[in-house]
Every structure is written in structure tokens, then in C-alpha cells.
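Shown next: structure_20.cif, given as mmCIF, N, CA and C atoms.
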data_coords
#
loop_
_atom_site.group_PDB
_atom_site.id
_atom_site.type_symbol
_atom_site.label_atom_id
_atom_site.label_comp_id
_atom_site.auth_asym_id
_atom_site.auth_seq_id
_atom_site.Cartn_x
_atom_site.Cartn_y
_atom_site.Cartn_z
ATOM 1 N N MET A 1 -134.764 -176.010 -133.542
ATOM 2 C CA MET A 1 -134.751 -176.536 -132.194
ATOM 3 C C MET A 1 -135.480 -177.878 -132.184
ATOM 4 N N LYS A 2 -134.879 -178.844 -131.537
ATOM 5 C CA LYS A 2 -135.457 -180.185 -131.456
ATOM 6 C C LYS A 2 -136.184 -180.347 -130.128
ATOM 7 N N GLU A 3 -137.172 -181.212 -130.120
ATOM 8 C CA GLU A 3 -137.901 -181.505 -128.893
ATOM 9 C C GLU A 3 -137.582 -182.929 -128.455
ATOM 10 N N TYR A 4 -137.215 -183.074 -127.191
ATOM 11 C CA TYR A 4 -136.844 -184.365 -126.628
ATOM 12 C C TYR A 4 -137.873 -184.787 -125.588
ATOM 13 N N LEU A 5 -138.217 -186.050 -125.611
ATOM 14 C CA LEU A 5 -139.098 -186.616 -124.607
ATOM 15 C C LEU A 5 -138.397 -186.604 -123.254
ATOM 16 N N VAL A 6 -139.118 -186.189 -122.219
ATOM 17 C CA VAL A 6 -138.614 -186.235 -120.847
ATOM 18 C C VAL A 6 -139.592 -187.065 -120.033
ATOM 19 N N ILE A 7 -139.068 -188.015 -119.297
ATOM 20 C CA ILE A 7 -139.865 -188.886 -118.431
ATOM 21 C C ILE A 7 -139.737 -188.378 -117.003
ATOM 22 N N TYR A 8 -140.875 -188.201 -116.337
ATOM 23 C CA TYR A 8 -140.905 -187.815 -114.926
ATOM 24 C C TYR A 8 -141.435 -188.990 -114.125
ATOM 25 N N GLU A 9 -140.731 -189.313 -113.049
ATOM 26 C CA GLU A 9 -141.137 -190.442 -112.212
ATOM 27 C C GLU A 9 -141.115 -190.018 -110.750
ATOM 28 N N GLN A 10 -142.160 -190.414 -110.033
ATOM 29 C CA GLN A 10 -142.207 -190.132 -108.603
ATOM 30 C C GLN A 10 -141.736 -191.360 -107.837
ATOM 31 N N GLY A 11 -140.808 -191.151 -106.923
ATOM 32 C CA GLY A 11 -140.277 -192.240 -106.127
ATOM 33 C C GLY A 11 -141.195 -192.612 -104.977
ATOM 34 N N ASP A 12 -140.902 -193.727 -104.356
ATOM 35 C CA ASP A 12 -141.691 -194.200 -103.219
ATOM 36 C C ASP A 12 -141.690 -193.202 -102.061
ATOM 37 N N ASP A 13 -140.641 -192.400 -101.966
ATOM 38 C CA ASP A 13 -140.543 -191.414 -100.892
ATOM 39 C C ASP A 13 -141.180 -190.077 -101.243
ATOM 40 N N GLY A 14 -141.803 -189.986 -102.433
ATOM 41 C CA GLY A 14 -142.495 -188.770 -102.854
ATOM 42 C C GLY A 14 -141.648 -187.803 -103.655
ATOM 43 N N THR A 15 -140.339 -188.025 -103.730
ATOM 44 C CA THR A 15 -139.498 -187.150 -104.532
ATOM 45 C C THR A 15 -139.651 -187.486 -106.016
ATOM 46 N N TRP A 16 -139.172 -186.594 -106.856
ATOM 47 C CA TRP A 16 -139.322 -186.751 -108.302
ATOM 48 C C TRP A 16 -137.973 -186.814 -108.987
ATOM 49 N N GLY A 17 -137.928 -187.545 -110.085
ATOM 50 C CA GLY A 17 -136.754 -187.616 -110.934
ATOM 51 C C GLY A 17 -137.173 -187.470 -112.384
ATOM 52 N N ALA A 18 -136.240 -187.081 -113.232
ATOM 53 C CA ALA A 18 -136.527 -186.918 -114.655
ATOM 54 C C ALA A 18 -135.300 -187.286 -115.474
ATOM 55 N N TYR A 19 -135.554 -187.789 -116.673
ATOM 56 C CA TYR A 19 -134.482 -188.101 -117.615
ATOM 57 C C TYR A 19 -135.059 -188.090 -119.020
ATOM 58 N N SER A 20 -134.176 -187.994 -119.990
ATOM 59 C CA SER A 20 -134.576 -188.096 -121.384
ATOM 60 C C SER A 20 -133.970 -189.374 -121.954
ATOM 61 N N PRO A 21 -134.800 -190.296 -122.452
ATOM 62 C CA PRO A 21 -134.253 -191.543 -122.992
ATOM 63 C C PRO A 21 -133.395 -191.336 -124.238
ATOM 64 N N ASP A 22 -133.487 -190.175 -124.858
ATOM 65 C CA ASP A 22 -132.695 -189.909 -126.062
ATOM 66 C C ASP A 22 -131.337 -189.290 -125.775
ATOM 67 N N VAL A 23 -131.159 -188.738 -124.574
ATOM 68 C CA VAL A 23 -129.920 -188.018 -124.264
ATOM 69 C C VAL A 23 -129.321 -188.615 -123.001
ATOM 70 N N TRP A 24 -128.347 -189.485 -123.173
ATOM 71 C CA TRP A 24 -127.726 -190.154 -122.043
ATOM 72 C C TRP A 24 -126.972 -189.144 -121.191
ATOM 73 N N GLY A 25 -127.100 -189.287 -119.877
ATOM 74 C CA GLY A 25 -126.286 -188.501 -118.963
ATOM 75 C C GLY A 25 -126.914 -187.239 -118.428
ATOM 76 N N VAL A 26 -128.143 -186.960 -118.770
ATOM 77 C CA VAL A 26 -128.798 -185.759 -118.232
ATOM 78 C C VAL A 26 -129.993 -186.196 -117.386
ATOM 79 N N TYR A 27 -129.968 -185.765 -116.140
ATOM 80 C CA TYR A 27 -130.992 -186.143 -115.167
ATOM 81 C C TYR A 27 -131.311 -184.947 -114.288
ATOM 82 N N ALA A 28 -132.455 -184.998 -113.637
ATOM 83 C CA ALA A 28 -132.811 -183.988 -112.636
ATOM 84 C C ALA A 28 -133.619 -184.677 -111.551
ATOM 85 N N ALA A 29 -133.516 -184.165 -110.348
ATOM 86 C CA ALA A 29 -134.276 -184.715 -109.230
ATOM 87 C C ALA A 29 -134.523 -183.616 -108.208
ATOM 88 N N ALA A 30 -135.699 -183.671 -107.573
ATOM 89 C CA ALA A 30 -136.049 -182.679 -106.561
ATOM 90 C C ALA A 30 -137.217 -183.203 -105.732
ATOM 91 N N ASP A 31 -137.590 -182.426 -104.742
ATOM 92 C CA ASP A 31 -138.689 -182.817 -103.858
ATOM 93 C C ASP A 31 -140.051 -182.736 -104.535
ATOM 94 N N THR A 32 -140.197 -181.837 -105.517
ATOM 95 C CA THR A 32 -141.493 -181.674 -106.184
ATOM 96 C C THR A 32 -141.334 -181.843 -107.693
ATOM 97 N N ARG A 33 -142.438 -182.150 -108.343
ATOM 98 C CA ARG A 33 -142.386 -182.273 -109.806
ATOM 99 C C ARG A 33 -142.073 -180.925 -110.439
ATOM 100 N N GLU A 34 -142.661 -179.868 -109.900
ATOM 101 C CA GLU A 34 -142.438 -178.533 -110.465
ATOM 102 C C GLU A 34 -140.954 -178.172 -110.446
ATOM 103 N N GLU A 35 -140.294 -178.445 -109.325
ATOM 104 C CA GLU A 35 -138.869 -178.147 -109.226
ATOM 105 C C GLU A 35 -138.069 -179.046 -110.159
ATOM 106 N N THR A 36 -138.454 -180.292 -110.272
ATOM 107 C CA THR A 36 -137.777 -181.221 -111.174
ATOM 108 C C THR A 36 -137.927 -180.761 -112.616
ATOM 109 N N GLU A 37 -139.116 -180.303 -112.986
ATOM 110 C CA GLU A 37 -139.333 -179.787 -114.339
ATOM 111 C C GLU A 37 -138.437 -178.588 -114.600
ATOM 112 N N ARG A 38 -138.351 -177.665 -113.644
ATOM 113 C CA ARG A 38 -137.512 -176.485 -113.811
ATOM 114 C C ARG A 38 -136.048 -176.880 -114.002
ATOM 115 N N LEU A 39 -135.586 -177.804 -113.163
ATOM 116 C CA LEU A 39 -134.199 -178.255 -113.267
ATOM 117 C C LEU A 39 -133.927 -178.932 -114.605
ATOM 118 N N MET A 40 -134.876 -179.726 -115.081
ATOM 119 C CA MET A 40 -134.680 -180.429 -116.351
ATOM 120 C C MET A 40 -134.702 -179.458 -117.523
ATOM 121 N N ARG A 41 -135.529 -178.417 -117.441
ATOM 122 C CA ARG A 41 -135.559 -177.406 -118.507
ATOM 123 C C ARG A 41 -134.222 -176.668 -118.599
ATOM 124 N N GLU A 42 -133.515 -176.593 -117.485
ATOM 125 C CA GLU A 42 -132.182 -175.984 -117.493
ATOM 126 C C GLU A 42 -131.118 -177.000 -117.910
ATOM 127 N N ALA A 43 -131.226 -178.217 -117.397
ATOM 128 C CA ALA A 43 -130.184 -179.221 -117.596
ATOM 129 C C ALA A 43 -130.101 -179.723 -119.035
ATOM 130 N N LEU A 44 -131.224 -179.990 -119.650
ATOM 131 C CA LEU A 44 -131.202 -180.591 -120.992
ATOM 132 C C LEU A 44 -130.547 -179.672 -122.027
ATOM 133 N N PRO A 45 -130.958 -178.412 -122.143
ATOM 134 C CA PRO A 45 -130.263 -177.545 -123.107
ATOM 135 C C PRO A 45 -128.782 -177.336 -122.774
ATOM 136 N N ALA A 46 -128.466 -177.231 -121.485
ATOM 137 C CA ALA A 46 -127.065 -177.055 -121.092
ATOM 138 C C ALA A 46 -126.241 -178.290 -121.461
ATOM 139 N N HIS A 47 -126.811 -179.451 -121.278
ATOM 140 C CA HIS A 47 -126.114 -180.695 -121.613
ATOM 141 C C HIS A 47 -125.877 -180.790 -123.122
ATOM 142 N N ILE A 48 -126.886 -180.455 -123.887
ATOM 143 C CA ILE A 48 -126.753 -180.508 -125.346
ATOM 144 C C ILE A 48 -125.713 -179.495 -125.820
ATOM 145 N N GLU A 49 -125.699 -178.317 -125.234
ATOM 146 C CA GLU A 49 -124.690 -177.317 -125.588
ATOM 147 C C GLU A 49 -123.291 -177.818 -125.238
ATOM 148 N N ALA A 50 -123.145 -178.484 -124.099
ATOM 149 C CA ALA A 50 -121.843 -179.036 -123.713
ATOM 150 C C ALA A 50 -121.392 -180.117 -124.695
ATOM 151 N N LEU A 51 -122.327 -180.934 -125.170
ATOM 152 C CA LEU A 51 -121.988 -181.939 -126.178
ATOM 153 C C LEU A 51 -121.447 -181.262 -127.438
ATOM 154 N N ARG A 52 -122.149 -180.226 -127.885
ATOM 155 C CA ARG A 52 -121.716 -179.507 -129.092
ATOM 156 C C ARG A 52 -120.319 -178.910 -128.905
ATOM 157 N N GLU A 53 -120.113 -178.263 -127.758
ATOM 158 C CA GLU A 53 -118.823 -177.628 -127.498
ATOM 159 C C GLU A 53 -117.689 -178.652 -127.455
ATOM 160 N N ALA A 54 -118.001 -179.868 -127.019
ATOM 161 C CA ALA A 54 -116.994 -180.928 -126.949
ATOM 162 C C ALA A 54 -116.826 -181.655 -128.278
ATOM 163 N N GLY A 55 -117.623 -181.272 -129.273
ATOM 164 C CA GLY A 55 -117.533 -181.922 -130.577
ATOM 165 C C GLY A 55 -118.171 -183.293 -130.608
ATOM 166 N N ILE A 56 -119.067 -183.546 -129.659
ATOM 167 C CA ILE A 56 -119.764 -184.828 -129.593
ATOM 168 C C ILE A 56 -121.096 -184.697 -130.323
ATOM 169 N N GLU A 57 -121.401 -185.689 -131.115
ATOM 170 C CA GLU A 57 -122.644 -185.666 -131.878
ATOM 171 C C GLU A 57 -123.852 -185.631 -130.947
ATOM 172 N N VAL A 58 -124.744 -184.703 -131.207
ATOM 173 C CA VAL A 58 -125.969 -184.583 -130.413
ATOM 174 C C VAL A 58 -126.972 -185.608 -130.929
ATOM 175 N N PRO A 59 -127.504 -186.453 -130.040
ATOM 176 C CA PRO A 59 -128.435 -187.482 -130.494
ATOM 177 C C PRO A 59 -129.746 -186.877 -131.008
ATOM 178 N N GLU A 60 -130.292 -187.534 -131.992
ATOM 179 C CA GLU A 60 -131.591 -187.137 -132.522
ATOM 180 C C GLU A 60 -132.689 -187.642 -131.581
ATOM 181 N N PRO A 61 -133.759 -186.888 -131.432
ATOM 182 C CA PRO A 61 -134.880 -187.409 -130.647
ATOM 183 C C PRO A 61 -135.570 -188.530 -131.418
ATOM 184 N N THR A 62 -135.713 -189.681 -130.776
ATOM 185 C CA THR A 62 -136.339 -190.826 -131.441
ATOM 186 C C THR A 62 -137.531 -191.374 -130.665
ATOM 187 N N HIS A 63 -137.664 -190.998 -129.407
ATOM 188 C CA HIS A 63 -138.767 -191.515 -128.597
ATOM 189 C C HIS A 63 -139.994 -190.637 -128.730
ATOM 190 N N GLN A 64 -141.137 -191.274 -128.754
ATOM 191 C CA GLN A 64 -142.415 -190.564 -128.810
ATOM 192 C C GLN A 64 -143.321 -191.177 -127.755
ATOM 193 N N ILE A 65 -144.418 -190.502 -127.472
ATOM 194 C CA ILE A 65 -145.327 -190.972 -126.439
ATOM 195 C C ILE A 65 -146.756 -190.956 -126.969
ATOM 196 N N GLU A 66 -147.499 -191.900 -126.484
ATOM 197 C CA GLU A 66 -148.929 -191.971 -126.787
ATOM 198 C C GLU A 66 -149.610 -192.525 -125.538
ATOM 199 N N PHE A 67 -150.734 -191.945 -125.209
ATOM 200 C CA PHE A 67 -151.548 -192.456 -124.116
ATOM 201 C C PHE A 67 -152.701 -193.252 -124.700
ATOM 202 N N ILE A 68 -152.964 -194.404 -124.140
ATOM 203 C CA ILE A 68 -154.067 -195.263 -124.580
ATOM 204 C C ILE A 68 -154.939 -195.550 -123.378
ATOM 205 N N ALA A 69 -156.186 -195.181 -123.468
ATOM 206 C CA ALA A 69 -157.129 -195.444 -122.377
ATOM 207 C C ALA A 69 -157.448 -196.929 -122.328
ATOM 208 N N ALA A 70 -157.512 -197.469 -121.135
ATOM 209 C CA ALA A 70 -157.822 -198.882 -121.001
ATOM 210 C C ALA A 70 -158.824 -199.097 -119.880
#
Could you render the structure from this file as C-alpha cells?
Amino acid sequence: MKEYLVIYEQGDDGTWGAYSPDVWGVYAAADTREETERLMREALPAHIEALREAGIEVPEPTHQIEFIAA
């Protein structure tokens, strides 16, 4: 099982969105971060499975994250 980076962003209106920079076409959005996380945990594996079923190459995870205190 591969691990993909997921970015969570809060909009100006307080809602949340999420995407994975390694997997084009999979997104989630909801009123809360918790709901967005739940939706993304469902969407990402389902999207990857759909890619496999369609015979489309599944992208490798290439993005990583590091926090630097400043």
C-alpha cells in the first residue's frame, strides 16, 4: 500500500477542501475539516481503484512534506 500526500485547505468562508498533488482528479470538500478528511479517505482509494480497473497507470507518490519553524 502506498501513502499519498493530501493537502487540506480552509477557504475564506470557513469550508474545507482537500486534494492530492500526486493523483490528478481526486478532491473532497465539506463544511468541516473532519468531514473533508473522511471524504478524502474514501475518495482517494476509490479513485485509485477506478484507475486500475480502467487500465490507467496509477501515479507513484512523489510529494513529501516538512515543517520548518521560523
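On the backbone of this structure, DSSP gives helix (DSSP H, G or I) within chain A to A:Arg33, A:Glu34, A:Glu35, A:Thr36, A:Glu37, A:Arg38, A:Leu39, A:Met40, A:Arg41, A:Glu42, A:Ala43, A:Leu44, A:Pro45, A:Ala46, A:His47, A:Ile48, A:Glu49, A:Ala50, A:Leu51, A:Arg52, A:Glu53.
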Long-range neighbours of Pro45 (chain A) as a compact mmCIF listing (two decimals) with N, CA and C atoms, in the frame of the given file, 12 Å cut-off, only C-alpha atoms, 6 positions minimum in chain:
# COMPACT_ATOMS: atom_id res chain seq x y z
N MET A 1 -134.76 -176.01 -133.54
CA MET A 1 -134.75 -176.54 -132.19
C MET A 1 -135.48 -177.88 -132.18
N LYS A 2 -134.88 -178.84 -131.54
CA LYS A 2 -135.46 -180.18 -131.46
C LYS A 2 -136.18 -180.35 -130.13
N GLU A 3 -137.17 -181.21 -130.12
CA GLU A 3 -137.90 -181.50 -128.89
C GLU A 3 -137.58 -182.93 -128.46
N TYR A 4 -137.22 -183.07 -127.19
CA TYR A 4 -136.84 -184.36 -126.63
C TYR A 4 -137.87 -184.79 -125.59
N SER A 20 -134.18 -187.99 -119.99
CA SER A 20 -134.58 -188.10 -121.38
C SER A 20 -133.97 -189.37 -121.95
N VAL A 23 -131.16 -188.74 -124.57
CA VAL A 23 -129.92 -188.02 -124.26
C VAL A 23 -129.32 -188.62 -123.00
N VAL A 26 -128.14 -186.96 -118.77
CA VAL A 26 -128.80 -185.76 -118.23
C VAL A 26 -129.99 -186.20 -117.39
N TYR A 27 -129.97 -185.76 -116.14
CA TYR A 27 -130.99 -186.14 -115.17
C TYR A 27 -131.31 -184.95 -114.29
N ARG A 38 -138.35 -177.66 -113.64
CA ARG A 38 -137.51 -176.48 -113.81
C ARG A 38 -136.05 -176.88 -114.00
N LEU A 39 -135.59 -177.80 -113.16
CA LEU A 39 -134.20 -178.26 -113.27
C LEU A 39 -133.93 -178.93 -114.60
N LEU A 51 -122.33 -180.93 -125.17
CA LEU A 51 -121.99 -181.94 -126.18
C LEU A 51 -121.45 -181.26 -127.44
N ARG A 52 -122.15 -180.23 -127.88
CA ARG A 52 -121.72 -179.51 -129.09
C ARG A 52 -120.32 -178.91 -128.90
N VAL A 58 -124.74 -184.70 -131.21
CA VAL A 58 -125.97 -184.58 -130.41
C VAL A 58 -126.97 -185.61 -130.93
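For the residues A:Glu42, A:Thr62, A:Ala54, A:Arg33, ranking by smallest atom-to-atom distance to Pro21 (chain A) using only N, CA and C atoms places A:Thr62 first.
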Quiz item: When DSSP works through the backbone of this structure, what residues of chain A end up as strand (DSSP E or B), shown as a VMD selection string?
Solution: chain A and resid 7 to 10 16 to 19 27 to 30
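Remark: for Pro61 (chain A), the closest of the candidate residues A:Asp22, A:Asp13, A:Glu49, A:Glu37 is A:Asp22 (distances computed over all atoms listed in the file).
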Exercise. Decode the PyMOL selection byres ((chain A and resi 31) around 8) for the given file into explicit residues and return them as a PyMOL selection string.
Key: chain A and resi 14-17+29-30+32-36
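With CA of Gly11 (chain A) on one side and CA of Ala28 (chain A) on the other, the separation reads 12.9 Å.
Between CA of Val6 (chain A) and CA of His63 (chain A) the interatomic distance comes to 9.4 Å.
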Quiz item: For the atom pair CA of Tyr8 (chain A) and CA of Ala70 (chain A), what is the interatomic distance in Å to one decimal place?
Solution: 21.1 Å
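Of the residues under consideration (A:Ala46, A:Trp24, A:Leu5, A:Asp12), A:Leu5 shows the shortest atom-to-atom contact distance to Glu66 (chain A) when counting only C-alpha atoms.
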Please return the centre and edge lengths, in Å to one decimal, of a box with edges along x, y and z that contains all listed atoms of region 8-27 of chain A, widened by 6 Å on every side, as AutoDock Vina command-line options.
--center_x -134.4 --center_y -189.6 --center_z -113.5 --size_x 28.2 --size_y 21.3 --size_z 37.2
